[in-house]
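The file data-v6.txt comes next; it holds compact mmCIF, C-alpha atoms.
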# COMPACT_ATOMS: atom_id res chain seq x y z
CA MET A 1 248.75 -16.50 78.11
CA ALA A 2 247.93 -14.77 81.41
CA VAL A 3 250.52 -14.91 84.17
CA LYS A 4 249.27 -16.75 87.26
CA GLN A 5 248.70 -14.42 90.21
CA LYS A 6 250.94 -15.38 93.11
CA LYS A 7 249.48 -15.94 96.57
CA LEU A 8 251.34 -14.58 99.61
CA MET A 9 250.28 -15.72 103.08
CA LEU A 10 250.98 -13.32 105.94
CA LEU A 11 250.79 -14.66 109.48
CA GLY A 12 249.25 -12.15 111.86
CA GLY A 13 247.12 -9.08 111.42
CA LEU A 14 249.00 -6.18 113.02
CA ARG A 15 249.16 -2.73 111.41
CA TYR A 16 252.86 -3.34 110.70
CA LEU A 17 251.69 -5.63 107.91
CA LEU A 18 249.95 -2.83 106.02
CA PRO A 19 253.03 -1.71 104.02
CA VAL A 20 253.75 -5.37 103.21
CA ILE A 21 250.22 -5.82 101.87
CA ASP A 22 250.57 -2.60 99.89
CA ALA A 23 253.88 -3.72 98.37
CA ALA A 24 252.46 -7.13 97.48
CA HIS A 25 249.39 -5.58 95.85
CA LYS A 26 251.57 -3.24 93.78
CA MET A 27 253.32 -6.35 92.46
CA GLY A 28 249.98 -7.90 91.58
CA HIS A 29 249.98 -10.57 94.29
CA HIS A 30 246.97 -12.01 96.12
CA VAL A 31 247.41 -11.51 99.91
CA ILE A 32 246.03 -13.89 102.52
CA THR A 33 246.18 -12.92 106.21
CA VAL A 34 245.82 -15.48 108.98
CA ASP A 35 245.42 -15.35 112.76
CA TYR A 36 242.79 -15.94 115.44
CA LEU A 37 241.77 -12.27 115.79
CA PRO A 38 239.30 -11.30 113.03
CA GLY A 39 239.25 -7.69 114.20
CA ASN A 40 242.95 -7.07 113.52
CA ILE A 41 243.44 -4.17 111.13
CA ALA A 42 245.49 -5.95 108.44
CA HIS A 43 242.57 -8.25 107.61
CA LYS A 44 240.66 -5.25 106.26
CA TYR A 45 243.30 -4.73 103.58
CA SER A 46 244.16 -8.31 102.58
CA ASP A 47 242.31 -10.18 99.83
CA GLU A 48 241.17 -12.90 102.18
CA PHE A 49 241.38 -13.79 105.88
CA HIS A 50 241.38 -17.15 107.65
CA ASN A 51 240.77 -17.56 111.38
CA VAL A 52 243.53 -19.99 112.39
CA SER A 53 246.07 -19.69 115.21
CA ILE A 54 249.53 -18.96 113.81
CA LEU A 55 251.03 -21.09 116.61
CA ASP A 56 249.32 -24.20 115.18
CA LYS A 57 251.84 -25.08 112.51
CA GLU A 58 249.98 -28.17 111.30
CA ALA A 59 246.74 -26.23 110.83
CA ILE A 60 248.59 -23.45 108.98
CA LEU A 61 250.32 -26.08 106.82
CA GLU A 62 246.98 -27.65 105.88
CA LEU A 63 245.51 -24.24 105.07
CA ALA A 64 248.55 -23.23 103.00
CA ARG A 65 248.44 -26.49 101.07
CA ASN A 66 244.73 -26.14 100.35
CA LEU A 67 245.15 -22.53 99.22
CA GLN A 68 248.20 -23.41 97.07
CA ILE A 69 250.23 -20.44 98.29
CA ASP A 70 253.46 -19.29 96.63
CA GLY A 71 255.07 -17.69 99.69
CA ILE A 72 254.68 -17.17 103.42
CA MET A 73 255.91 -14.46 105.81
CA SER A 74 255.52 -13.54 109.45
CA PHE A 75 256.60 -9.92 109.05
CA ALA A 76 256.93 -8.14 112.43
CA VAL A 77 254.98 -11.00 114.05
CA ASP A 78 257.44 -12.99 116.13
CA PRO A 79 255.17 -15.89 117.19
CA GLY A 80 254.57 -16.93 113.59
CA VAL A 81 258.16 -17.12 112.34
CA VAL A 82 258.80 -20.76 113.24
CA THR A 83 255.43 -21.74 111.79
CA ALA A 84 256.24 -19.90 108.56
CA ALA A 85 259.60 -21.69 108.29
CA TYR A 86 257.91 -25.05 108.92
CA VAL A 87 255.27 -24.48 106.25
CA ALA A 88 257.81 -23.19 103.75
CA GLU A 89 260.02 -26.25 104.24
CA LYS A 90 257.14 -28.72 103.96
CA LEU A 91 255.82 -27.09 100.78
CA GLY A 92 259.18 -26.27 99.19
CA LEU A 93 258.58 -22.52 99.34
CA PRO A 94 261.25 -19.80 99.65
CA PHE A 95 262.28 -18.79 103.16
CA GLN A 96 265.31 -17.23 104.85
CA GLY A 97 266.49 -20.51 106.32
CA SER A 98 265.66 -24.09 107.18
CA TYR A 99 263.16 -24.96 109.88
CA GLU A 100 266.01 -26.10 112.17
CA SER A 101 268.04 -22.89 111.65
CA VAL A 102 264.99 -20.71 112.24
CA LYS A 103 264.19 -22.59 115.47
CA ILE A 104 267.69 -21.73 116.72
CA LEU A 105 267.28 -18.05 115.87
CA GLN A 106 263.81 -17.82 117.39
CA ASP A 107 264.58 -19.49 120.72
CA LYS A 108 266.73 -17.24 122.90
CA SER A 109 268.14 -20.19 124.83
CA LEU A 110 269.08 -22.20 121.72
CA PHE A 111 270.51 -19.06 120.13
CA ARG A 112 272.76 -18.25 123.09
CA LYS A 113 274.06 -21.83 123.07
CA PHE A 114 274.72 -21.71 119.33
CA LEU A 115 276.63 -18.44 119.71
CA ALA A 116 278.71 -19.84 122.58
CA ASP A 117 279.44 -23.11 120.74
CA ASN A 118 280.68 -21.18 117.70
CA GLY A 119 282.93 -18.65 119.42
CA PHE A 120 280.76 -15.53 119.28
CA ASN A 121 280.74 -12.95 122.06
CA VAL A 122 277.86 -14.04 124.27
CA PRO A 123 276.68 -13.30 127.82
CA ASN A 124 276.68 -15.96 130.53
CA ALA A 125 273.24 -17.52 129.96
CA LYS A 126 271.06 -20.59 130.58
CA GLY A 127 267.59 -21.63 129.51
CA TYR A 128 265.04 -23.32 131.78
CA GLY A 129 261.70 -25.10 131.67
CA ASN A 130 260.91 -24.63 135.36
CA LYS A 131 261.70 -22.09 138.04
CA GLU A 132 263.10 -24.62 140.55
CA ASP A 133 266.15 -25.38 138.39
CA ALA A 134 266.73 -21.68 137.81
CA LEU A 135 266.50 -20.79 141.49
CA ALA A 136 269.08 -23.50 142.25
CA ASP A 137 271.47 -21.84 139.76
CA LYS A 138 271.66 -18.42 141.44
CA ASP A 139 275.42 -18.70 142.01
CA TYR A 140 276.06 -19.35 138.31
CA TYR A 141 275.34 -15.74 137.37
CA ASN A 142 277.19 -12.48 137.70
CA TRP A 143 274.47 -10.27 139.09
CA PRO A 144 272.46 -8.30 137.96
CA VAL A 145 270.71 -10.54 135.42
CA ILE A 146 268.02 -10.26 132.77
CA VAL A 147 265.12 -12.72 132.75
CA LYS A 148 263.04 -13.20 129.58
CA PRO A 149 260.80 -15.71 127.82
CA VAL A 150 262.71 -17.60 125.14
CA ASP A 151 259.97 -17.01 122.57
CA SER A 152 258.50 -13.55 122.98
CA ALA A 153 259.21 -10.21 121.33
CA GLY A 154 258.40 -6.58 121.98
CA SER A 155 260.11 -6.72 125.41
CA LYS A 156 257.12 -8.58 126.87
CA GLY A 157 258.00 -10.54 130.01
CA VAL A 158 261.50 -9.01 130.30
CA SER A 159 262.87 -7.75 133.60
CA ARG A 160 266.20 -6.94 135.20
CA VAL A 161 266.89 -8.53 138.57
CA ASP A 162 269.50 -7.00 140.89
CA ASP A 163 268.78 -9.06 144.00
CA PRO A 164 268.53 -12.89 143.89
CA THR A 165 265.56 -12.71 146.27
CA ASP A 166 263.56 -11.10 143.43
CA LEU A 167 264.38 -13.81 140.89
CA GLU A 168 261.27 -15.94 141.44
CA ALA A 169 258.90 -13.05 140.71
CA ALA A 170 260.81 -12.22 137.52
CA ILE A 171 260.60 -15.85 136.38
CA GLU A 172 256.84 -15.90 136.94
CA TYR A 173 256.52 -12.69 134.91
CA ALA A 174 258.57 -14.19 132.06
CA LEU A 175 256.48 -17.37 132.09
CA SER A 176 253.28 -15.32 131.91
CA GLU A 177 254.41 -14.03 128.50
CA SER A 178 255.88 -17.28 127.19
CA HIS A 179 254.17 -19.44 124.57
CA ASN A 180 256.13 -22.62 125.29
CA GLY A 181 256.77 -22.35 129.05
CA HIS A 182 260.52 -21.74 128.79
CA PHE A 183 262.64 -18.78 129.85
CA ILE A 184 266.25 -17.67 129.85
CA ILE A 185 268.44 -15.96 132.44
CA GLU A 186 271.59 -14.16 131.37
CA ASP A 187 274.11 -11.79 132.83
CA PHE A 188 273.11 -8.16 132.37
CA LEU A 189 275.50 -6.58 129.87
CA GLU A 190 276.05 -2.91 130.55
CA LYS A 191 276.00 -1.18 127.18
CA GLU A 192 278.34 1.53 125.96
CA GLY A 193 276.22 4.23 124.38
CA HIS A 194 273.03 3.10 122.67
CA SER A 195 272.05 -0.44 121.75
CA SER A 196 270.94 -1.07 118.17
CA ASP A 197 267.72 -2.54 116.80
CA SER A 198 267.61 -2.38 113.01
CA GLU A 199 267.23 -4.46 109.86
CA GLY A 200 269.46 -6.62 107.68
CA PHE A 201 268.95 -8.53 104.43
CA THR A 202 270.61 -11.56 102.88
CA VAL A 203 270.61 -12.70 99.26
CA ASP A 204 271.70 -16.32 98.90
CA GLY A 205 273.24 -16.12 102.36
CA ASN A 206 275.25 -12.98 101.65
CA LEU A 207 274.55 -10.08 103.98
CA VAL A 208 273.93 -7.41 101.34
CA PHE A 209 272.34 -4.89 103.72
CA CYS A 210 273.25 -4.37 107.37
CA SER A 211 272.19 -1.35 109.41
CA PHE A 212 272.57 -0.08 112.96
CA SER A 213 270.43 2.35 114.93
CA ASP A 214 270.41 4.12 118.26
CA GLN A 215 267.68 2.45 120.27
CA ARG A 216 266.26 4.64 123.04
CA PHE A 217 264.20 3.92 126.13
CA ASP A 218 261.88 5.76 128.50
CA ALA A 219 263.22 5.26 132.01
CA ASN A 220 259.85 6.32 133.43
CA ALA A 221 257.82 3.77 131.48
CA LYS A 222 256.25 0.85 133.32
CA ASN A 223 258.53 -1.43 131.29
CA PRO A 224 261.78 0.52 130.81
CA TYR A 225 263.11 -2.18 128.46
CA THR A 226 260.55 -1.43 125.76
CA PRO A 227 262.06 0.80 123.02
CA SER A 228 260.48 4.25 122.94
CA ALA A 229 262.48 5.85 120.10
CA TYR A 230 265.03 5.10 117.39
CA SER A 231 267.41 7.18 115.35
CA TRP A 232 269.71 6.71 112.37
CA PRO A 233 272.63 6.78 111.81
CA SER A 234 273.95 4.89 114.79
CA THR A 235 276.50 6.46 117.10
CA MET A 236 278.11 3.06 117.68
CA PRO A 237 281.82 3.29 116.72
CA GLU A 238 282.58 2.22 113.15
CA SER A 239 285.01 -0.43 114.41
CA ALA A 240 282.22 -2.14 116.39
CA GLN A 241 279.82 -1.91 113.44
CA LYS A 242 282.38 -3.53 111.14
CA GLU A 243 283.07 -6.35 113.60
CA LEU A 244 279.34 -6.98 114.09
CA THR A 245 278.71 -6.98 110.33
CA SER A 246 281.46 -9.55 109.88
CA GLU A 247 280.14 -11.71 112.71
CA LEU A 248 276.59 -11.47 111.40
CA GLN A 249 277.81 -12.66 108.01
CA ARG A 250 279.60 -15.55 109.72
CA LEU A 251 276.38 -16.42 111.55
CA MET A 252 274.40 -16.44 108.30
CA LYS A 253 276.88 -18.83 106.70
CA LEU A 254 276.96 -21.16 109.73
CA LEU A 255 273.16 -21.41 109.71
CA ASP A 256 273.06 -21.72 105.90
CA MET A 257 270.63 -18.84 105.54
CA ARG A 258 269.18 -17.87 102.17
CA SER A 259 267.36 -14.71 101.06
CA GLY A 260 265.21 -12.39 103.15
CA ILE A 261 264.89 -9.72 105.79
CA TYR A 262 266.05 -9.89 109.44
CA ASN A 263 265.45 -7.90 112.57
CA ILE A 264 268.83 -7.63 114.33
CA GLU A 265 269.63 -6.41 117.84
CA THR A 266 273.23 -5.65 118.79
CA ARG A 267 275.17 -3.65 121.35
CA LEU A 268 278.66 -2.55 122.31
CA CYS A 269 279.30 -3.19 126.00
CA LYS A 270 281.40 -1.54 128.67
CA ASN A 271 283.88 -4.41 128.42
CA GLY A 272 284.73 -3.21 124.91
CA LYS A 273 283.12 -6.19 123.16
CA PRO A 274 280.28 -5.97 120.60
CA TYR A 275 277.49 -8.53 121.01
CA ILE A 276 274.84 -9.98 118.71
CA MET A 277 271.80 -10.07 120.98
CA GLU A 278 269.02 -11.27 118.67
CA VAL A 279 268.57 -12.14 115.00
CA SER A 280 265.05 -12.92 113.83
CA PRO A 281 264.24 -13.89 110.22
CA ARG A 282 261.41 -11.37 109.86
CA GLY A 283 260.95 -7.63 109.53
CA GLY A 284 261.06 -5.82 112.85
CA GLY A 285 258.13 -4.15 114.56
CA ASN A 286 257.95 -0.42 115.18
CA ARG A 287 258.10 0.23 111.41
CA LEU A 288 261.89 -0.17 111.29
CA ALA A 289 262.01 -1.14 107.60
CA GLU A 290 259.92 1.92 106.75
CA MET A 291 262.33 4.13 108.70
CA LEU A 292 265.27 2.68 106.78
CA ARG A 293 263.50 3.54 103.53
CA TYR A 294 263.51 7.15 104.71
CA ALA A 295 267.13 6.95 105.83
CA THR A 296 268.74 5.03 102.96
CA GLY A 297 266.33 4.85 100.05
CA VAL A 298 266.33 1.03 100.18
CA ASP A 299 262.90 -0.60 100.06
CA LEU A 300 263.44 -3.61 102.31
CA ILE A 301 259.73 -4.38 102.40
CA ALA A 302 259.39 -4.75 98.63
CA ASN A 303 262.54 -6.86 98.58
CA ALA A 304 261.17 -9.06 101.38
CA VAL A 305 257.99 -9.69 99.37
CA ARG A 306 260.04 -10.54 96.27
CA ALA A 307 262.14 -12.99 98.28
CA ALA A 308 259.06 -14.59 99.88
CA VAL A 309 257.39 -15.44 96.57
CA GLY A 310 260.60 -16.42 94.80
CA ASP A 311 261.01 -13.41 92.52
CA GLY A 312 264.66 -13.17 91.52
CA ASP A 313 264.83 -9.38 91.17
CA ILE A 314 265.93 -8.19 94.62
CA PHE A 315 267.22 -4.64 94.33
CA PHE A 316 269.90 -2.98 96.45
CA ASN A 317 271.62 -0.79 93.89
CA GLU A 318 269.31 2.12 94.80
CA GLN A 319 270.80 2.49 98.28
CA LYS A 320 271.55 6.15 98.87
CA GLN A 321 273.14 6.05 102.32
CA LYS A 322 271.84 9.57 102.91
CA TRP A 323 272.55 9.57 106.60
CA ASP A 324 276.00 11.15 106.38
CA LYS A 325 274.19 14.49 106.06
CA SER A 326 270.71 13.56 107.20
CA TYR A 327 269.19 12.19 110.40
CA ILE A 328 266.00 10.17 110.81
CA ALA A 329 264.27 9.62 114.14
CA GLU A 330 261.16 7.75 115.17
CA ILE A 331 259.22 8.22 118.40
CA ILE A 332 257.06 5.34 119.63
CA LEU A 333 254.06 7.13 121.10
CA HIS A 334 252.98 5.75 124.46
CA ALA A 335 251.29 6.76 127.69
CA ASP A 336 253.18 6.80 130.97
CA LYS A 337 250.05 5.68 132.79
CA LYS A 338 246.78 3.93 132.03
CA GLY A 339 243.96 6.38 131.36
CA ILE A 340 241.83 8.27 128.86
CA PHE A 341 243.72 9.74 125.91
CA LYS A 342 243.26 13.52 125.64
CA LYS A 343 245.87 14.88 123.25
CA LEU A 344 249.32 14.64 121.77
CA GLU A 345 251.62 17.58 122.48
CA ILE A 346 254.51 18.15 120.07
CA SER A 347 256.91 20.91 121.01
CA SER A 348 257.20 23.82 118.60
CA GLU A 349 260.96 23.20 118.64
CA ILE A 350 260.56 20.06 116.51
CA LYS A 351 257.25 20.57 114.69
CA THR A 352 259.00 21.58 111.47
CA ASN A 353 261.00 18.35 111.60
CA VAL A 354 257.94 16.08 111.69
CA ILE A 355 257.48 14.35 108.32
CA GLU A 356 254.89 11.79 109.41
CA GLU A 357 252.46 11.51 112.32
CA ASP A 358 250.58 8.25 112.75
CA LEU A 359 248.25 8.24 115.77
CA TRP A 360 246.30 5.03 116.38
CA VAL A 361 243.86 6.28 119.03
CA GLU A 362 241.20 8.97 119.23
CA VAL A 363 240.31 11.44 121.98
CA ASP A 364 238.62 9.71 124.94
CA ASP A 365 239.95 6.25 124.00
CA LEU A 366 241.25 4.14 126.87
CA VAL A 367 245.02 3.60 126.63
CA ASP A 368 247.32 1.32 128.61
CA ASP A 369 250.61 2.20 130.21
CA PHE A 370 253.75 1.20 128.32
CA THR A 371 254.36 -2.45 129.22
CA GLY A 372 255.42 -3.65 125.77
CA ALA A 373 255.43 -2.80 122.08
CA ASN A 374 251.79 -3.90 121.87
CA THR A 375 250.72 -0.95 124.05
CA ALA A 376 252.17 1.73 121.76
CA ILE A 377 249.56 4.16 120.40
CA GLY A 378 251.33 5.49 117.32
CA THR A 379 254.54 6.80 115.82
CA ILE A 380 256.08 10.08 114.77
CA VAL A 381 258.84 10.29 112.16
CA LEU A 382 261.26 13.21 112.16
CA HIS A 383 263.92 14.36 109.73
CA PHE A 384 266.85 16.57 110.69
CA GLU A 385 269.58 18.09 108.55
CA ASP A 386 271.12 20.01 111.43
CA LYS A 387 273.17 17.68 113.65
CA GLN A 388 273.07 20.08 116.60
CA LYS A 389 269.26 20.18 116.54
CA PHE A 390 269.13 16.42 116.12
CA ASN A 391 271.32 15.98 119.19
CA MET A 392 269.03 18.32 121.14
CA PHE A 393 266.07 16.13 120.22
CA SER A 394 267.97 12.94 121.01
CA ASN A 395 268.73 14.07 124.54
CA SER A 396 265.19 15.17 125.40
CA GLN A 397 262.69 13.34 123.20
CA THR A 398 260.32 12.53 126.07
CA SER A 399 259.85 16.21 126.93
CA LEU A 400 259.47 17.30 123.28
CA CYS A 401 256.64 14.90 122.53
CA LYS A 402 254.09 14.05 125.23
CA VAL A 403 250.97 11.87 125.33
CA VAL A 404 248.44 13.46 127.68
CA VAL A 405 246.00 11.15 129.49
CA ASP A 406 243.49 11.65 132.29

Give the structure from the file, written as structure tokens.
Amino acid sequence: MAVKQKKLMLLGGLRYLLPVIDAAHKMGHHVITVDYLPGNIAHKYSDEFHNVSILDKEAILELARNLQIDGIMSFAVDPGVVTAAYVAEKLGLPFQGSYESVKILQDKSLFRKFLADNGFNVPNAKGYGNKEDALADKDYYNWPVIVKPVDSAGSKGVSRVDDPTDLEAAIEYALSESHNGHFIIEDFLEKEGHSSDSEGFTVDGNLVFCSFSDQRFDANAKNPYTPSAYSWPSTMPESAQKELTSELQRLMKLLDMRSGIYNIETRLCKNGKPYIMEVSPRGGGNRLAEMLRYATGVDLIANAVRAAVGDGDIFFNEQKQKWDKSYIAEIILHADKKGIFKKLEISSEIKTNVIEEDLWVEVDDLVDDFTGANTAIGTIVLHFEDKQKFNMFSNSQTSLCKVVVD
């Protein structure tokens, strides 16, 4: 008797879904992609595409029910995570957590409140639905502050405000990138060293994989809060990593999470305290899970697909933890100004370290300046065995790899 082919629905159509589609196809699954942009690249590689907004959870639920799907993911697509959790709960499908728990994780305001109520390290923060209430709260904060939409990713709509007179403009910017019209203001936490943006994985609520990176930024970019490079292993002190791992496990238990992948942002601050900044039940953008496959040998993407369709065989025994003698770095290619793309210049000093170059534009294409992750134009992956050379790269990545535009 033939085994029924499982159907996996992926919300969104970004290129970050391509390795997920590939992994699902290798397992013999039928892949359905869904969003309102038929031209998105992932739809060319899926088995079928449906033009439905991923923000419309009732429409996605009806589609999923009609198609009789076996699993649903919103990998690297932040706006679809709550919808995916809703559909999974209504149809009894596997997912990392309940709809209510996922709503807490996906809303920055609800998440900050949950952290505060449960004794986690958390910045002074409040969420708002209108700018008038926020402007009346200026004295509540220890300036400077960060203003962000509660429901966006990729650093869209995020700005630092040093002077209260600039707060209104920052709120309007955050609202312009918000899906639900809400934003959060929180004290700016000055980090010690590099912040981390990397992936984790739970199996039955147990945090079986937890990683930390060095997240890097381009101070000259139009949006200096958009990550421009990553490297592994993290230089965060081991003591902070251990405390964060323990606190992340506590968080997973409090929210009664299940099995799946997470994008996790953390940092150690000047006050000596480590903070959980964001935890999203999805794979991260910027190919983070792929980078961790290079760094550790663990295939988080394949495991995420297995979890999504209810396959019991989730493998972590192959983890190599190679990064005690090996260093992986990723550059997020971007232009420092809007213009016509001419070429990519990679310094001869690091050319031998490049193991993958993925350029998404061609000569004479129009490119935007770097306002968010959605304006990146490619990635470069580098491998170093020499720590001294890796440190040289880490301190000068913007000069060693340059996007030339006219």

Q. Using only C-alpha atoms, which residue out of A:Leu135, A:Phe188, A:Ala240, A:Ile264 lies closest to Arg160 in chain A?
A.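 Among A:Leu135, A:Phe188, A:Ala240, A:Ile264, it is A:Phe188 that comes nearest to Arg160 in chain A.
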
Q | All residues 10 Å or closer to Lys351 in chain A, only C-alpha atoms, same chain fewer than 3 positions away omitted, as a PyMOL selection string | A | chain A and resi 346-348+354-355+382+400-401

Q: Tell me which protein, DNA and RNA residues are within 6 Å of range 219-230 of chain A, counting only C-alpha atoms, leaving out same-chain ones fewer than 5 positions away, and put them as a PyMOL selection string.
A: chain A and resi 155+214+329-332+336+370-372

Atoms to include: C-alpha atoms. Write the selected residues as a short mmCIF file (atom, residue, chain, number, x, y, z; two decimals), in the frame of the given file.
data_model
loop_
_atom_site.label_atom_id
_atom_site.label_comp_id
_atom_site.auth_asym_id
_atom_site.auth_seq_id
_atom_site.Cartn_x
_atom_site.Cartn_y
_atom_site.Cartn_z
CA SER A 155 260.11 -6.72 125.41
CA ASP A 214 270.41 4.12 118.26
CA ALA A 329 264.27 9.62 114.14
CA GLU A 330 261.16 7.75 115.17
CA ILE A 331 259.22 8.22 118.40
CA ILE A 332 257.06 5.34 119.63
CA ASP A 336 253.18 6.80 130.97
CA PHE A 370 253.75 1.20 128.32
CA THR A 371 254.36 -2.45 129.22
CA GLY A 372 255.42 -3.65 125.77
#

Q: Choose the residue, out of A:Val381, A:Met236, A:Leu37, A:Met257, that has the smallest atom-to-atom separation from Ala85 in chain A; count all atoms listed in the file.
A: A:Met257

Q.
My list of candidates is A:Glu265, A:Glu345, A:Asp151, A:Asp369. Which is closest to Ser176 in chain A when distances are computed with all atoms listed in the file?
A. A:Asp151

Q | Residues near Pro274 in chain A, cut-off 8 Å, all atoms listed in the file, skip fewer than 3 positions along chain, as a list in words | A |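 After dropping sequence-adjacent residues, the list is Asn121, Ala240, Glu243, Leu244, Thr266, Arg267, Leu268 and Cys269 of chain A.
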
Please produce a file of the residues just selected, as an mmCIF file, in the frame of the given file, where the atoms kept are C-alpha atoms.
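Resulting contents of selection-v3.cif:
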data_model
loop_
_atom_site.group_PDB
_atom_site.id
_atom_site.type_symbol
_atom_site.label_atom_id
_atom_site.label_comp_id
_atom_site.auth_asym_id
_atom_site.auth_seq_id
_atom_site.Cartn_x
_atom_site.Cartn_y
_atom_site.Cartn_z
ATOM 1 C CA ASN A 121 280.740 -12.950 122.060
ATOM 2 C CA ALA A 240 282.220 -2.140 116.390
ATOM 3 C CA GLU A 243 283.070 -6.350 113.600
ATOM 4 C CA LEU A 244 279.340 -6.980 114.090
ATOM 5 C CA THR A 266 273.230 -5.650 118.790
ATOM 6 C CA ARG A 267 275.170 -3.650 121.350
ATOM 7 C CA LEU A 268 278.660 -2.550 122.310
ATOM 8 C CA CYS A 269 279.300 -3.190 126.000
#

Q: Could you jot down the CA of Tyr140 in chain A to CA of Ser101 in chain A separation for me, Å, one decimal place?
A: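 A separation of 28.1 Å between them.
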
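Distance check against Glu199 in chain A using all atoms listed in the file: of A:Arg293, A:Lys387, A:Lys337, A:Lys7, the minimum falls on A:Arg293.
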
(Q) Env of Asp299 in chain A: 12 Å cut, atoms = all atoms listed in the file, seq-sep filter 6 positions within chain, self excluded. Answer as an MDAnalysis selection string. (A) chainID A and resid 19:20 23 199:201 209 261 283 288:293 305:306 314:320

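Of the residues under consideration (A:Glu58, A:Asp187, A:Ser98, A:Lys26), A:Asp187 shows the shortest atom-to-atom contact distance to Asp139 in chain A when counting only C-alpha atoms.
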
Q: Name the closest residue to Pro94 in chain A among the candidates A:Gly71, A:Thr352, A:Asp163, A:Phe384; distances are taken between atoms, counting all atoms listed in the file.
A: A:Gly71

(Q) As an exercise, work out the distance from CA of Ile328 in chain A to CA of Glu385 in chain A in Å and give it to one decimal place. (A)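 So the two atoms, CA of Ile328 in chain A and CA of Glu385 in chain A, lie 9.0 Å apart.
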